[in-house]
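All remarks here apply to the structure that follows.
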Amino acid sequence: MLPIADPPVTEDSVFGTFTLQRHERRLLRDGQPVLVGARAFDVLCVLVENSGQLVTKNALLNAVWPGLVVEENNLQVHVSSLRRILGSNAISTVPSRGYRFTLRVAAAQAAPPTDGKPADAQRLPNSRASDLRTYRRTIAVLPFANLNNDPDQEYFSDGLAEDIISHLTRSPWLLVVSRNSSFTFRDTQESSQTIGKALGSRYLVQGSVRKAGTTLRMTAELIDTLTKETLWSDRFDRPLTDMFALQAEISHQIVSAIEPVYLHREERVATELAAQDLQHWDLLMRARWHFWRTTPEHILKSVAYLNQALELKPNDSPSLALLAFTHLAQLWGAWAKDPRAVVAEANRLALVAVRNDERDAFAHFTLGTALSCAGQMDAAIAELECALGLYPQAAAAAGELGRLLVFSGRTEEAEEFILQAIDASPHDPHLSLWIRSRAIACFIEERYGDAVRYAREATAKRPDWYFNHLLMSACLSAAGDVEGGRTSLATALSGRGYTLQSFQFGHPFVQRAHRDKFLTALSNAGWEP
């Protein structure tokens with residue numbers, strides 16, 4: 001066994017019909033991108049760089065999750081995911097020790113670096129614009145400070161900011177200041193408030209990069225320039241290995257964390273505006289604020305605001321997609337008067353959203369979710385894969401893909417996407433749903449102790465979601481705690497007319513055996529649909 005090699009930063013790797021592009025963090029099959037989770041990609045990079053050699057489990061865990069305590073099962077999930085993509089013989093298991101990459105690897109010269117400009121066109125308002133609303137929702141990314149004062153490291157700190165800009169522009173929710181504008185504030189001593197006004201941007205992303213020995217430390221924060229508040233901050237310590245892969249990983253995590261924090265602030269600000277001052281964006285943000293409160297009263301208020309938003313902007317895909325979700329919320333809340341009509345309308349709205357903007361990842365994510373409620377699971381999964389192809393940082397789409405894979409019985413594959421979502425966006429309002437999906441996967445695999453643990457975690461994060469208590473009831477009942485299952489069932493069904501049809505919309509099991517097992521557990525806890 002050899003020590004883990006430092007991967008070259010100037011070459012791609014070719015094996016069979018596959019090309020591993022570290023800089024772009026892409027895996028190609030016959031020239032076409034293959035969907036690979038972030039952690040699985042890191043595992044693959046380590047194995048390929050040590051092709052033919054044993055890489056121990058500990059070495060892989062330390063390389064891919066430095067400084068973190070991670071269950072070995074997580075590594076097994078990612079290896080299984082890679083085998084499904086590359087073929088079962090691509091990675092061999094050395095019992096009780098680790099893994100070996102068995103395909104023959106050749107080097108291919110990587111594509112030349114870009115000119116430093118982001119790949120996507122920027123949606124930039126005039127930096128001197130007086131429109132307060134545009135100013136309020138715009139975000140700028142400043143060049144990251146190079147704290148080592150080493151000019152050779154500046155390409156990395158600049159590249160990190162450029163990657164973040166490029167990724168943020170793919171979000172349907174954000175207006176992003178161009179690199180050429182925000183990078184004029186390199187090494188500035190101006191306050192965040194002054195920079196925000198100069199760029200016409202309420203929100204700033206800024207950070208720093210420092211090298212210490214064999215470790216690279218990065219910090220990042222999201223600042224509200226109007227209130228001078230730090231809305232989010234984080235620190236990332238990584239070993240100095242493949243700098244391009246490191247840059248891609250960190251930018252992915254930063255973008256995934258920023259979007260939900262930004263939206264949460266915009267939702268709150270919208271609720272503080274006077275009714276007569278509301279414009280399209282304000283109405284959309286108010287609708288989101290009510291939507292996440294999930295009660296019938298809040299959902300109906302969300303619908304009212306979305307209808308007003310669509311009067312001002314009839315073909316707006318985010319508004320149409322969120323309106324589709326308000327219909328799905330009626331299903332999941334078990335209060336839809338005509339469930340089949342509600343499903344049909346949700347699918348219609350989501351389809352219109354996709355047709356209006358085929359590159360809107362949120363619209364594809366919505367259509368995939370709606371299709372799953374209509375029993376079209378294969379088409380639903382395809383839509384989620386499309387959403388991730390358009391916007392790989394869409395943690396909600398990764399988490400939803402994981403959920404649908406769980407209900408399809410593909411639990412190992414699902415775990416990859418669920419963990420990707422949780423790792424990337426721990427502040428996302430969908431977090432309870434992702435943990436819930438892990439509990440259902442464990443239930444299917446008859447690991448009832450783990451199922452109870454994840455069900456408790458999901459319920460703790462959103463105790464107001466009755467279906468978390470329903471899940472807890474099934475898991476406790478299956479684990480042998482029938483009395484506990486009865487208690488959770490009573491909480492779930494309190495004042496609620498929950499039917500078998502309601503169950504099916506919220507639990508789209510593909511395999512009848514999995515569905516029957518879940519229903520049996522609920523029946524043992526006392527449910528009589």
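Ordering of the structure tokens sets the chain letters (A, B, ...), residue numbers begin anew at 1 in every chain, and ligands are numbered from 1 in the order given.
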### Task
With a distance cut-off of 12 Å and only C-alpha atoms, select the neighbouring residues of Arg83 in chain A, excluding the residue or stretch itself and same-chain residues fewer than 2 positions from it, and output the selection as a ChimeraX atom specification.
/A:36,40,43-44,76-81,85-93,99,101-103,412-413
### Asn347 in chain A environment, 7 Å, only C-alpha atoms, sequence neighbours closer than 2 positions dropped, as a PyMOL selection string
chain A and resi 343-345+349-351+367+370-371
Output file for the selection above: C-alpha atoms, as a compact mmCIF listing (two decimals), in the first residue's frame:
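The result, written out as part02.txt:
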```txt
# COMPACT_ATOMS: atom_id res chain seq x y z
CA VAL A 343 -52.58 16.94 -8.11
CA ALA A 344 -53.63 17.74 -11.66
CA GLU A 345 -53.47 21.50 -11.05
CA LEU A 349 -48.69 24.84 -12.99
CA ALA A 350 -45.29 23.15 -12.72
CA LEU A 351 -45.34 22.23 -16.40
CA LEU A 367 -42.42 19.40 -11.65
CA ALA A 370 -45.64 17.03 -8.59
CA LEU A 371 -45.11 14.07 -10.91
```
### Query
Do you know which residues are at most 10 Å from Pro339 in chain A counting only C-alpha atoms, after dropping those on the same chain fewer than 5 positions away, and could you put them as a list in words?
His327, Leu328, Gln330, Leu331, Trp332, Ala334, Ala344, Glu345, Gln501, Ser502 and Phe505 of chain A
### Query
Between CA of Asn74 in chain A and CA of Leu61 in chain A, what is the spacing in Å?
9.3 Å
### Task
Would you mind listing what lies within 10 Å of Ala421 in chain A as a list in words, with only C-alpha atoms counted and same-chain residues fewer than 6 positions away left out?
Gly37, Ala38, Gln253, Ser256, Gln393, Ala394, Ala395, Ala396, Ala397, Ala398, Gly399, Glu400, Leu401, Gly402, Glu415, Asp428, His430, Leu431 and Trp434 of chain A
### Message
Give me the residues near Leu222 in chain A as number ranges by chain, where near means some atom within 12 Å (using only C-alpha atoms) and where sequence neighbours in that chain fewer than 4 positions away do not count.
### Response
A: 139-142, 192, 202-207, 228-234, 254-255, 257-262, 265
